[in-house]
file structure37.txt (compact mmCIF, C-alpha atoms (C1' of nucleotides))
# COMPACT_ATOMS: atom_id res chain seq x y z
CA MET S 1 18.89 14.71 12.93
CA SER S 2 19.54 18.08 11.51
CA ARG S 3 21.70 16.36 8.98
CA ASP S 4 19.94 15.17 5.88
CA THR S 5 18.68 12.08 7.52
CA LEU S 6 15.03 11.22 7.69
CA GLY S 7 13.39 10.76 11.05
CA SER S 8 11.58 7.48 11.46
CA PHE S 9 8.11 8.83 10.90
CA GLU S 10 9.30 10.98 8.05
CA LEU S 11 10.69 7.87 6.50
CA LEU S 12 7.40 6.07 6.89
CA VAL S 13 5.49 8.91 5.31
CA LEU S 14 7.88 9.65 2.49
CA GLY S 15 8.42 5.97 1.80
CA THR S 16 4.73 5.31 1.53
CA LEU S 17 4.23 8.35 -0.64
CA ALA S 18 6.94 7.07 -2.95
CA HIS S 19 4.69 4.15 -3.81
CA LEU S 20 2.14 6.51 -5.26
CA PRO S 21 3.67 7.90 -8.44
CA SER S 22 0.83 10.28 -9.08
CA GLY S 23 0.90 11.55 -5.53
CA ALA S 24 -1.76 11.55 -2.89
CA HIS S 25 -3.57 13.95 -0.65
CA GLY S 26 -3.09 13.82 3.08
CA THR S 27 -6.09 11.82 4.10
CA ALA S 28 -5.57 9.17 1.45
CA LEU S 29 -1.94 8.84 2.39
CA MET S 30 -2.93 8.47 6.00
CA ALA S 31 -5.30 5.65 5.15
CA ARG S 32 -2.63 3.98 3.10
CA ILE S 33 -0.11 4.07 5.89
CA GLU S 34 -2.61 2.68 8.34
CA GLN S 35 -3.47 -0.17 6.01
CA ARG S 36 0.00 -1.15 4.96
CA HIS S 37 1.64 -0.79 8.31
CA ASP S 38 -1.13 -1.60 10.67
CA ARG S 39 -0.65 1.40 12.86
CA GLU S 40 -2.73 4.42 13.56
CA VAL S 41 -1.67 7.79 12.37
CA SER S 42 -3.25 10.99 13.54
CA VAL S 43 -4.04 13.72 11.07
CA GLY S 44 -1.93 16.18 12.95
CA ALA S 45 1.09 13.91 12.93
CA LEU S 46 0.77 13.37 9.22
CA TYR S 47 0.34 16.93 8.04
CA THR S 48 2.98 18.25 10.37
CA THR S 49 5.42 15.77 8.96
CA LEU S 50 4.38 16.41 5.40
CA ASP S 51 4.92 20.11 5.93
CA ARG S 52 8.36 19.49 7.33
CA LEU S 53 9.20 17.21 4.47
CA GLU S 54 8.12 19.88 2.06
CA LYS S 55 10.13 22.53 3.83
CA LYS S 56 13.18 20.32 3.51
CA GLY S 57 12.53 19.82 -0.16
CA PHE S 58 11.83 16.10 0.06
CA ALA S 59 8.19 16.42 -0.88
CA ARG S 60 6.20 18.90 -2.86
CA SER S 61 2.54 19.78 -2.69
CA GLU S 62 0.18 21.30 -5.18
CA TRP S 63 -3.47 22.11 -5.11
CA GLY S 64 -5.27 19.66 -7.36
CA GLU S 65 -7.93 20.62 -9.80
CA PRO S 66 -11.26 21.44 -8.23
CA THR S 67 -12.78 18.00 -8.48
CA PRO S 68 -16.34 17.97 -9.70
CA GLN S 69 -16.66 15.16 -7.21
CA ARG S 70 -16.30 16.86 -3.91
CA GLY S 71 -17.97 20.12 -4.70
CA GLY S 72 -15.29 22.48 -5.82
CA ARG S 73 -12.85 21.84 -3.06
CA ARG S 74 -9.30 21.24 -4.05
CA LYS S 75 -7.08 18.72 -2.42
CA ARG S 76 -3.47 19.25 -1.56
CA ILE S 77 -1.60 16.63 -3.54
CA PHE S 78 1.78 15.57 -2.26
CA THR S 79 4.54 14.01 -4.30
CA VAL S 80 8.11 12.95 -3.60
CA THR S 81 10.78 15.18 -5.08
CA ALA S 82 14.05 14.02 -6.57
CA ALA S 83 15.81 15.07 -3.38
CA GLY S 84 13.26 13.05 -1.46
CA ALA S 85 13.94 9.97 -3.52
CA THR S 86 17.64 10.45 -2.92
CA ALA S 87 17.13 10.75 0.81
CA LEU S 88 15.05 7.62 0.70
CA GLY S 89 17.83 5.83 -1.10
CA ARG S 90 20.38 7.01 1.41
CA THR S 91 18.31 5.70 4.25
CA GLN S 92 17.90 2.43 2.48
CA VAL S 93 21.66 2.08 2.17
CA LEU S 94 22.14 2.96 5.81
CA LEU S 95 19.66 0.36 6.82
CA GLN S 96 21.36 -2.25 4.75
CA THR S 97 24.71 -1.47 6.24
CA LEU S 98 23.03 -1.81 9.57
CA THR S 99 21.30 -5.06 8.96
CA SER S 100 23.33 -6.96 6.41
CA PRO S 101 25.79 -8.59 8.80
CA PRO S 102 24.10 -10.75 11.39
CA VAL S 103 21.72 -8.61 13.32
CA ALA S 104 21.36 -10.78 16.34
CA ALA S 105 24.09 -12.53 18.22
CA ARG S 106 24.10 -16.28 18.06
CA GLU S 107 26.23 -17.61 20.79
CA GLY S 108 24.96 -21.13 20.64
CA CYS S 109 26.10 -22.06 17.14
CA MET J 110 7.53 7.73 18.95
CA SER J 111 6.10 6.60 22.19
CA ARG J 112 5.21 3.40 20.47
CA ASP J 113 7.88 0.74 20.37
CA THR J 114 9.55 2.19 17.36
CA LEU J 115 13.17 3.18 17.30
CA GLY J 116 14.11 6.72 16.42
CA SER J 117 16.63 7.06 13.64
CA PHE J 118 19.64 7.67 15.82
CA GLU J 119 18.56 5.02 18.25
CA LEU J 120 18.40 2.66 15.36
CA LEU J 121 21.88 3.59 14.26
CA VAL J 122 23.27 3.06 17.73
CA LEU J 123 21.43 -0.12 18.56
CA GLY J 124 22.00 -1.52 15.12
CA THR J 125 25.71 -0.94 15.31
CA LEU J 126 25.86 -2.38 18.79
CA ALA J 127 24.12 -5.48 17.51
CA HIS J 128 27.17 -6.22 15.40
CA LEU J 129 29.27 -6.57 18.50
CA PRO J 130 28.12 -9.75 20.20
CA SER J 131 30.32 -9.25 23.21
CA GLY J 132 29.18 -5.70 23.61
CA ALA J 133 31.14 -2.48 23.58
CA HIS J 134 31.76 0.51 25.75
CA GLY J 135 30.57 3.93 24.70
CA THR J 136 33.69 5.33 23.21
CA ALA J 137 34.44 2.24 21.17
CA LEU J 138 30.90 2.17 19.87
CA MET J 139 31.18 5.79 18.95
CA ALA J 140 34.31 5.14 16.95
CA ARG J 141 32.68 2.22 15.24
CA ILE J 142 29.68 4.25 14.19
CA GLU J 143 31.88 7.00 12.86
CA GLN J 144 33.93 4.55 10.83
CA ARG J 145 31.15 2.47 9.42
CA HIS J 146 28.78 5.29 8.66
CA ASP J 147 31.11 8.13 7.94
CA ARG J 148 29.43 10.59 10.21
CA GLU J 149 30.42 12.28 13.39
CA VAL J 150 28.79 11.43 16.64
CA SER J 151 29.20 13.48 19.77
CA VAL J 152 29.78 11.76 23.07
CA GLY J 153 26.76 13.42 24.56
CA ALA J 154 24.49 12.24 21.78
CA LEU J 155 25.74 8.72 22.12
CA TYR J 156 25.51 8.27 25.86
CA THR J 157 22.19 10.03 26.07
CA THR J 158 20.80 7.67 23.49
CA LEU J 159 22.34 4.63 25.11
CA ASP J 160 20.81 5.63 28.42
CA ARG J 161 17.43 6.02 26.82
CA LEU J 162 17.79 2.72 25.04
CA GLU J 163 18.61 1.08 28.33
CA LYS J 164 15.67 2.67 30.06
CA LYS J 165 13.43 1.24 27.36
CA GLY J 166 14.95 -2.18 27.84
CA PHE J 167 16.53 -2.38 24.40
CA ALA J 168 20.07 -2.29 25.69
CA ARG J 169 21.75 -3.27 28.91
CA SER J 170 24.94 -2.02 30.48
CA GLU J 171 27.30 -3.55 32.97
CA TRP J 172 30.54 -2.42 34.50
CA GLY J 173 33.33 -4.47 33.05
CA GLU J 174 36.14 -5.91 35.08
CA PRO J 175 38.70 -3.39 36.24
CA THR J 176 41.14 -3.79 33.40
CA PRO J 177 44.76 -3.94 34.46
CA GLN J 178 45.25 -1.99 31.27
CA ARG J 179 43.72 1.32 32.04
CA GLY J 180 44.62 1.58 35.65
CA GLY J 181 41.74 0.19 37.56
CA ARG J 182 38.99 2.01 35.79
CA ARG J 183 36.03 0.01 34.67
CA LYS J 184 34.24 0.52 31.42
CA ARG J 185 30.53 0.49 30.98
CA ILE J 186 29.83 -2.30 28.53
CA PHE J 187 26.65 -2.12 26.55
CA THR J 188 24.86 -5.02 24.92
CA VAL J 189 21.63 -5.44 23.00
CA THR J 190 18.83 -7.16 24.89
CA ALA J 191 16.37 -9.62 23.42
CA ALA J 192 13.78 -6.86 23.32
CA GLY J 193 16.29 -4.71 21.52
CA ALA J 194 16.90 -7.38 18.91
CA THR J 195 13.17 -7.70 18.44
CA ALA J 196 12.78 -3.97 17.97
CA LEU J 197 15.59 -4.07 15.47
CA GLY J 198 13.84 -6.84 13.60
CA ARG J 199 10.60 -4.93 13.57
CA THR J 200 12.31 -1.97 12.06
CA GLN J 201 13.89 -4.17 9.47
CA VAL J 202 10.50 -5.50 8.46
CA LEU J 203 9.08 -2.04 8.28
CA LEU J 204 11.89 -0.96 6.04
CA GLN J 205 11.35 -3.89 3.76
CA THR J 206 7.67 -3.17 3.45
CA LEU J 207 8.64 0.34 2.63
CA THR J 208 11.21 -0.43 0.01
CA SER J 209 10.23 -3.68 -1.60
CA PRO J 210 7.87 -2.27 -4.21
CA PRO J 211 9.49 0.27 -6.52
CA VAL J 212 10.72 3.13 -4.45
CA ALA J 213 11.00 5.74 -7.14
CA ALA J 214 8.53 6.54 -9.83
CA ARG J 215 9.54 5.86 -13.36
CA GLU J 216 7.31 7.67 -15.70
CA GLY J 217 9.53 7.40 -18.71
CA CYS J 218 9.61 3.64 -19.14
C1' DG U 219 52.54 18.92 40.54
C1' DT U 220 50.90 19.55 35.73
C1' DA U 221 49.72 17.70 31.52
C1' DT U 222 47.67 13.97 28.86
C1' DA U 223 44.61 10.18 27.79
C1' DT U 224 40.52 7.63 28.17
C1' DG U 225 35.77 7.21 29.52
C1' DT U 226 31.48 8.74 31.44
C1' DT U 227 28.01 12.05 33.23
C1' DC U 228 25.50 16.51 33.09
C1' DT U 229 23.16 20.36 31.21
C1' DA U 230 20.51 22.47 27.75
C1' DC U 231 18.39 23.38 23.72
C1' DA U 232 16.76 22.12 18.94
C1' DA U 233 14.09 19.06 16.07
C1' DT U 234 10.80 15.50 15.54
C1' DC U 235 6.63 13.02 16.90
C1' DT U 236 1.96 12.91 18.07
C1' DA U 237 -2.81 13.98 19.30
C1' DG U 238 -6.85 16.29 18.99
C1' DA U 239 -9.44 20.53 18.45
C1' DA U 240 -10.67 23.94 15.16
C1' DG U 241 -11.68 25.72 10.56
C1' DA U 242 -13.66 25.44 5.75
C1' DA U 243 -16.82 24.29 2.50
C1' DA U 244 -20.22 21.33 -0.14
C1' DG U 245 -24.39 18.39 0.09
C1' DG U 246 -28.46 16.59 2.26
C1' DA U 247 -32.40 16.68 5.76
C1' DG U 248 -36.22 19.00 7.48
C1' DC G 249 -32.72 28.47 4.61
C1' DT G 250 -30.39 26.52 8.80
C1' DC G 251 -28.38 22.61 10.78
C1' DC G 252 -25.96 18.39 10.45
C1' DT G 253 -22.71 15.40 8.19
C1' DT G 254 -18.75 14.43 5.51
C1' DT G 255 -14.13 15.23 3.89
C1' DC G 256 -9.87 17.69 4.19
C1' DT G 257 -6.55 20.86 6.02
C1' DT G 258 -4.55 23.91 9.65
C1' DC G 259 -3.35 25.09 14.42
C1' DT G 260 -1.76 24.49 19.02
C1' DA G 261 0.86 22.36 22.27
C1' DG G 262 3.19 18.91 24.91
C1' DA G 263 6.15 14.58 24.93
C1' DT G 264 10.23 12.30 22.91
C1' DT G 265 14.43 12.29 20.45
C1' DG G 266 18.58 14.23 18.63
C1' DT G 267 22.84 16.80 19.40
C1' DA G 268 26.72 19.31 21.31
C1' DG G 269 30.06 20.34 24.48
C1' DA G 270 31.55 21.26 29.12
C1' DA G 271 32.49 19.06 33.39
C1' DC G 272 34.13 15.02 35.99
C1' DA G 273 37.02 11.12 37.29
C1' DT G 274 41.42 8.92 37.46
C1' DA G 275 45.69 6.63 35.88
C1' DT G 276 50.13 7.43 33.55
C1' DA G 277 53.84 10.48 31.68
C1' DC G 278 56.95 14.46 32.45
call {"tool": "encode", "arguments": {"input": "structure37.txt", "output": "structure tokens"}}
result
Amino acid sequence: MSRDTLGSFELLVLGTLAHLPSGAHGTALMARIEQRHDREVSVGALYTTLDRLEKKGFARSEWGEPTPQRGGRRKRIFTVTAAGATALGRTQVLLQTLTSPPVAAREGC
Amino acid sequence: MSRDTLGSFELLVLGTLAHLPSGAHGTALMARIEQRHDREVSVGALYTTLDRLEKKGFARSEWGEPTPQRGGRRKRIFTVTAAGATALGRTQVLLQTLTSPPVAAREGC
DNA sequence: GTATATGTTCTACAATCTAGAAGAAAGGAG
DNA sequence: CTCCTTTCTTCTAGATTGTAGAACATATAC
């Protein structure tokens, strides 16, 4: 989909990220996806997708403050951009168009 | 997505096909997608996807009766299988989970 | 016969999906 | 101090999907 459409995993990632207004770093996001959607996600899959999303302008990442917590290591914090939110909305509309009329056939009614 | 998830284009195709209880042949389906979703679809993209969908068991195809209409040429009629409907439902659920809580952040409220 | 129309199949390459190993760096154990 | 563990991110690479357009039939119109 070289259009402006989100791939299915991209949608999952960006959609989940959208629930976290203050953003999230990769590993936390991964955990969140696994929890909420009961599916495993590999680190590689996640970061690759996040990178792509960022390259497309749907997500943005910044290096967080060196947390006193984890030594001085910074985390890469991802957030959804305005364009990302728009893309999400577009997908939502598409999905509605797709599913609003009866999804399954019912011959026997 | 070697899971049981539908890719985005697969979803578009299968979802549109699901609206046609009696099935549809490739070209008609293509036209339908273009109308309803205002995007172009190439023949190749469509048939390739339909073939893959069939291989996965989400769609089925049969050769229609030789229509007196178009000479004697048969059309390949595609329909959604039960497994396909299930997959569609799964995707629907996923999308709901994804979009039910606030999708966009609203800091300024 | 040649052109046109309607459908389907083939070929090929680009983009996305996915997994797992590798790298980096702080803190704790011995 | 060196090694091991923990937490995160980056790299590498192969499998799946997405996409386009040419090539193939084959019936009807000229």
call {"tool": "closest_residue", "arguments": {"input": "structure37.txt", "among": "U:DA232, U:DA237, U:DA242, U:DG248", "to": "DG266 (chain G)", "atoms": "only C-alpha atoms (C1' of nucleotides)"}}
result
U:DA232
call {"tool": "axis_aligned_box", "arguments": {"input": "structure37.txt", "around": "region 227-244 of chain U", "padding_each_side": "5 Å", "output": "lines of an AutoDock Vina configuration file"}}
result
center_x = 3.9
center_y = 18.9
center_z = 16.5
size_x = 58.2
size_y = 23.7
size_z = 43.4
call {"tool": "atom_distance", "arguments": {"input": "structure37.txt", "atom1": "CA of Ser61 (chain S)", "atom2": "CA of Ile77 (chain S)"}}
result
5.3 Å
call {"tool": "residues_around", "arguments": {"input": "structure37.txt", "residues": "DT222 (chain U)", "least_positions_apart": "4", "cutoff": "12 Å", "atoms": "only C-alpha atoms (C1' of nucleotides)", "output": "ChimeraX atom specification"}}
result
/G:274-278
call {"tool": "closest_residue", "arguments": {"input": "structure37.txt", "among": "U:DG246, U:DA223, U:DG241, U:DC228", "to": "DC251 (chain G)", "atoms": "only C-alpha atoms (C1' of nucleotides)"}}
result
U:DG246
call {"tool": "atom_distance", "arguments": {"input": "structure37.txt", "atom1": "CA of Arg36 (chain S)", "atom2": "C1' of DA233 (chain U)"}}
result
27.0 Å
call {"tool": "closest_residue", "arguments": {"input": "structure37.txt", "among": "S:Ala24, S:Ala45, S:Leu14, S:Ala82", "to": "DT258 (chain G)", "atoms": "only C-alpha atoms (C1' of nucleotides)"}}
result
S:Ala45
call {"tool": "residues_around", "arguments": {"input": "structure37.txt", "residues": "region 114-121 of chain J", "least_positions_apart": "2", "cutoff": "6 Å", "atoms": "all atoms listed in the file", "output": "PyMOL selection string"}}
result
(chain S and resi 7-8) or (chain J and resi 112+123-124)
call {"tool": "interface_residues", "arguments": {"input": "structure37.txt", "of": "chain S", "to": "chain G", "cutoff": "10 Å", "atoms": "all atoms listed in the file", "output": "number ranges by chain"}}
result
S: 1-2, 7, 25-28, 43-44, 47-48, 70, 73-76
call {"tool": "closest_atom_pairs", "arguments": {"input": "structure37.txt", "of": "chain U", "to": "chain J", "cutoff": "8 Å", "atoms": "only C-alpha atoms (C1' of nucleotides)", "output": "tab-separated table"}}
result
residue	atom	partner	partner_atom	distance
U:DG225	C1'	J:Thr136	CA	6.9
U:DC235	C1'	J:Met110	CA	5.7
U:DT236	C1'	J:Met110	CA	7.7
call {"tool": "closest_residue", "arguments": {"input": "structure37.txt", "among": "J:Leu207, J:Leu159, J:Ala192, J:Val150", "to": "chain S", "atoms": "all atoms listed in the file"}}
result
J:Leu207
call {"tool": "closest_residue", "arguments": {"input": "structure37.txt", "among": "J:Pro130, J:Gly193, J:Gly166, J:Gly173", "to": "chain S", "atoms": "all atoms listed in the file"}}
result
J:Pro130
call {"tool": "atom_distance", "arguments": {"input": "structure37.txt", "atom1": "CA of Arg148 (chain J)", "atom2": "CA of His19 (chain S)"}}
result
29.2 Å
call {"tool": "closest_residue", "arguments": {"input": "structure37.txt", "among": "J:Gln144, J:Thr158, J:Ser151, J:Gln201", "to": "chain S", "atoms": "all atoms listed in the file"}}
result
J:Gln201
